[in-house]
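Chemist: The structure's right below; bear with me while I get my questions together.
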Amino acid sequence: MEIRKNAKYAVACVTSMGVRITPADRMAVHNSNQFYMQATSAETNVLNVTSSLGYECLAMTKFVKDSPVAAFLKAQLRSRNIAYTGPDVPQGGPWGYRHQFNIADSGFGLRAPRVWNDRAGEVGRTLSADDFDFERIFGEEGVGILHLSGLITAMSPETTACCLAAAKAARKYGTLVSFDLNYRATFWKGREEELREAFREIASMADILIGNEEDFQLCLGIQGPEAGGRNISEKIENFKEMISRVRAAYPNAKACATTLREVVSANEHLWGAILMADGNWYVEEPRPIPVLDRIGGGDGFSGGLLYGIFRGWEPEKWLGFGWASGVLAASSLNDYAEPADEKQVWDVYSGNARVQR
């Protein structure tokens with residue numbers, strides 16, 4: 001895939017920023033009184049691999065004016081080499097707009113992770129194409145890859161229209177479009193027909209499609225993998241058949257990828273991935289990985305995959321870097337991968353955990 005030359009931003013996204021709070025020491029939410037807070041969104045989690053490795057990225061978003069939470073979010077994005085653009089809107093009083101809270105229990109052992117989203121009054125639900133100068137961003141400054149996710153696309157009718165407009169602007173100016181389907185039933189309730197049509201339209205414009213079996217079935221109506229196989233490794237051929245159906249339905253997509261995850265416990269997963277690129281198959285067989293916090297592992301995978309594409313590598317390296325970036329995210333209390341350098345990611349991939357002095 002050809003990346004637009006001399007683009008100011010390596011990867012850009014449309015997103016709604018919020019904060020995530022997680023109990024210290026892997027305690028459960030209901031019996032904790034100390035929490036770790038971070039700036040978060042699925043889309044900026046994806047950008048974070050590329051931004052950490054020295055390439056400027058852009059978040060198109062919206063903030064609450066004079067909010068200390070908004071100030072925290074902006075400072076965190078700046079520290080992560082992610083620029084931002086979009087309006088600051090008045091709060092409108094105590095019952096007006098705010099940034100969402102994501103309250104997460106990382107789980108431990110056989111106690112599963114639990115996530116509670118508190119999104120009432122979320123300012124990001126009002127995102128509109130009119131909030132951004134797409135002609136400047138895509139036409140003058142330039143973007144290598146636009147990354148969209150099903151979370152922001154499905155958040156509200158306004159964000160759906162905004163993501164469609166962003167995808168069309170990206171296509172107009174030669175920016176690659178990445179779409180991670182990220183199905184969430186609570187976002188789709190009552191809007192199933194409308195969202196399926198919008199998702200199919202964005203998928204038809206996408207150069208890169210990412211999703212799991214549930215995503216492809218429920219967002220795009222693609223038949224999922226056939227039943228059978230005792231574990232995730234034995235189902236790989238069935239997943240390949242599903243991806244082949246995705247590729248046939250969306251021929252513009254030059255790359256289709258899915259992650260493979262089997263949960264042993266909250267602390268150990270089997271983690272793998274499959275990629276079809278330009279008609280060829282690439283597979284990372286599931287391997288056991290230790291897990292500190294699973295949230296963001298899929299975003300780390302997407303971020304590593306896009307980094308490989310942006311760098312012009314061969315597809316086999318896209319997949320390996322994506323797999324290892326997902327592992328890196330799962331080994332962090334943050335829900336994004338933050339590699340120190342490319343070597344750190346490749347060391348994770350090779351299983352080299354020896355001390356480096």
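Chain identifiers are assigned as A, B, and so on, following the order in which chains appear in the structure tokens; residues are numbered from 1 within each chain, and ligands are numbered from 1 in order of appearance.
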Just the residues within 8 Å of Pro315 (chain A), please, counting only C-alpha atoms, with nothing from its chain fewer than 6 positions along; format it as an mmCIF file with all heavy atoms, in the first residue's frame.

Modeler:
```
data_model
loop_
_atom_site.group_PDB
_atom_site.id
_atom_site.type_symbol
_atom_site.label_atom_id
_atom_site.label_comp_id
_atom_site.auth_asym_id
_atom_site.auth_seq_id
_atom_site.Cartn_x
_atom_site.Cartn_y
_atom_site.Cartn_z
ATOM 1 N N ALA A 277 -3.248 -10.136 3.087
ATOM 2 C CA ALA A 277 -2.779 -8.921 2.425
ATOM 3 C C ALA A 277 -2.416 -9.256 0.985
ATOM 4 O O ALA A 277 -1.603 -10.158 0.737
ATOM 5 C CB ALA A 277 -1.572 -8.335 3.146
ATOM 6 N N TYR A 282 -0.941 -14.595 6.208
ATOM 7 C CA TYR A 282 0.113 -14.498 7.214
ATOM 8 C C TYR A 282 -0.531 -14.833 8.556
ATOM 9 O O TYR A 282 -1.594 -14.307 8.886
ATOM 10 C CB TYR A 282 0.726 -13.101 7.230
ATOM 11 C CG TYR A 282 1.235 -12.667 5.875
ATOM 12 C CD1 TYR A 282 0.386 -12.006 4.977
ATOM 13 C CD2 TYR A 282 2.529 -12.957 5.469
ATOM 14 C CE1 TYR A 282 0.826 -11.630 3.717
ATOM 15 C CE2 TYR A 282 2.987 -12.580 4.208
ATOM 16 C CZ TYR A 282 2.127 -11.920 3.341
ATOM 17 O OH TYR A 282 2.566 -11.567 2.086
ATOM 18 N N GLY A 308 3.556 -0.694 10.810
ATOM 19 C CA GLY A 308 4.266 -1.440 9.779
ATOM 20 C C GLY A 308 3.872 -1.008 8.385
ATOM 21 O O GLY A 308 4.718 -0.894 7.480
ATOM 22 N N ILE A 309 2.572 -0.748 8.186
ATOM 23 C CA ILE A 309 2.100 -0.274 6.884
ATOM 24 C C ILE A 309 2.665 1.109 6.596
ATOM 25 O O ILE A 309 3.152 1.384 5.484
ATOM 26 C CB ILE A 309 0.560 -0.264 6.857
ATOM 27 C CG1 ILE A 309 0.027 -1.703 6.910
ATOM 28 C CG2 ILE A 309 0.035 0.461 5.614
ATOM 29 C CD1 ILE A 309 -1.471 -1.797 7.116
#
```

Chemist: Show which residues sit within 9 Å of Ile137 (chain A), as an MDAnalysis selection string. Count only C-alpha atoms, and ignore same-chain residues fewer than 5 positions away.

Modeler: chainID A and resid 8:9 132 142:143

Chemist: Between region 7-85 of chain A and region 336-352 of chain A, at 7 Å or less, what are the per-residue closest atom pairs and their distances in Å? Count only C-alpha atoms, order by chain and rising residue number, and return it as a Markdown table.

Modeler:
```
| residue | atom | partner | partner_atom | distance |
| --- | --- | --- | --- | --- |
| A:Asn45 | CA | A:Tyr336 | CA | 4.8 |
| A:Asn48 | CA | A:Glu338 | CA | 6.4 |
| A:Val49 | CA | A:Ala337 | CA | 5.9 |
| A:Ser52 | CA | A:Glu338 | CA | 5.8 |
| A:Leu53 | CA | A:Asp341 | CA | 6.0 |
```

Chemist: Could you write out, as JSON, numbers by chain, all the residues of region 83-138 of chain A that DSSP marks as helix (DSSP H, G or I)?

Modeler: {"A": [123, 124, 125, 126, 129, 130, 131, 134, 135, 136, 137, 138]}

Chemist: Which residue is closest to Tyr183 (chain A)? Choose from A:Ala170, A:Ile208, A:Asp215, A:Ala203 and count only C-alpha atoms.

Modeler: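 Ranking A:Ala170, A:Ile208, A:Asp215, A:Ala203 by distance to Tyr183 (chain A), first place goes to A:Asp215.
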
Chemist: Run DSSP on the backbone and give me the residues of region 17-126 of chain A it puts in strand (DSSP E or B), as a VMD selection string.

Modeler: chain A and resid 18 to 23 35 to 40 57 to 60 63 to 64 82 to 85 88 to 89 98 100 to 105 108 111 114 to 118 122

Chemist: From the set A:Ser16, A:Ser244, A:Thr22, A:Asn81, which residue has the shortest atom-to-atom contact distance to Pro113 (chain A), counting only C-alpha atoms?

Modeler: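 Comparing A:Ser16, A:Ser244, A:Thr22, A:Asn81 against Pro113 (chain A), the winner is A:Thr22.
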
Chemist: What's around Trp318 (chain A) at 10 Å? Count only C-alpha atoms, leave out sequence neighbours fewer than 3 positions away in its own chain, and write the answer as a PyMOL selection string.

Modeler: chain A and resi 275+277+282+301-315+321-323
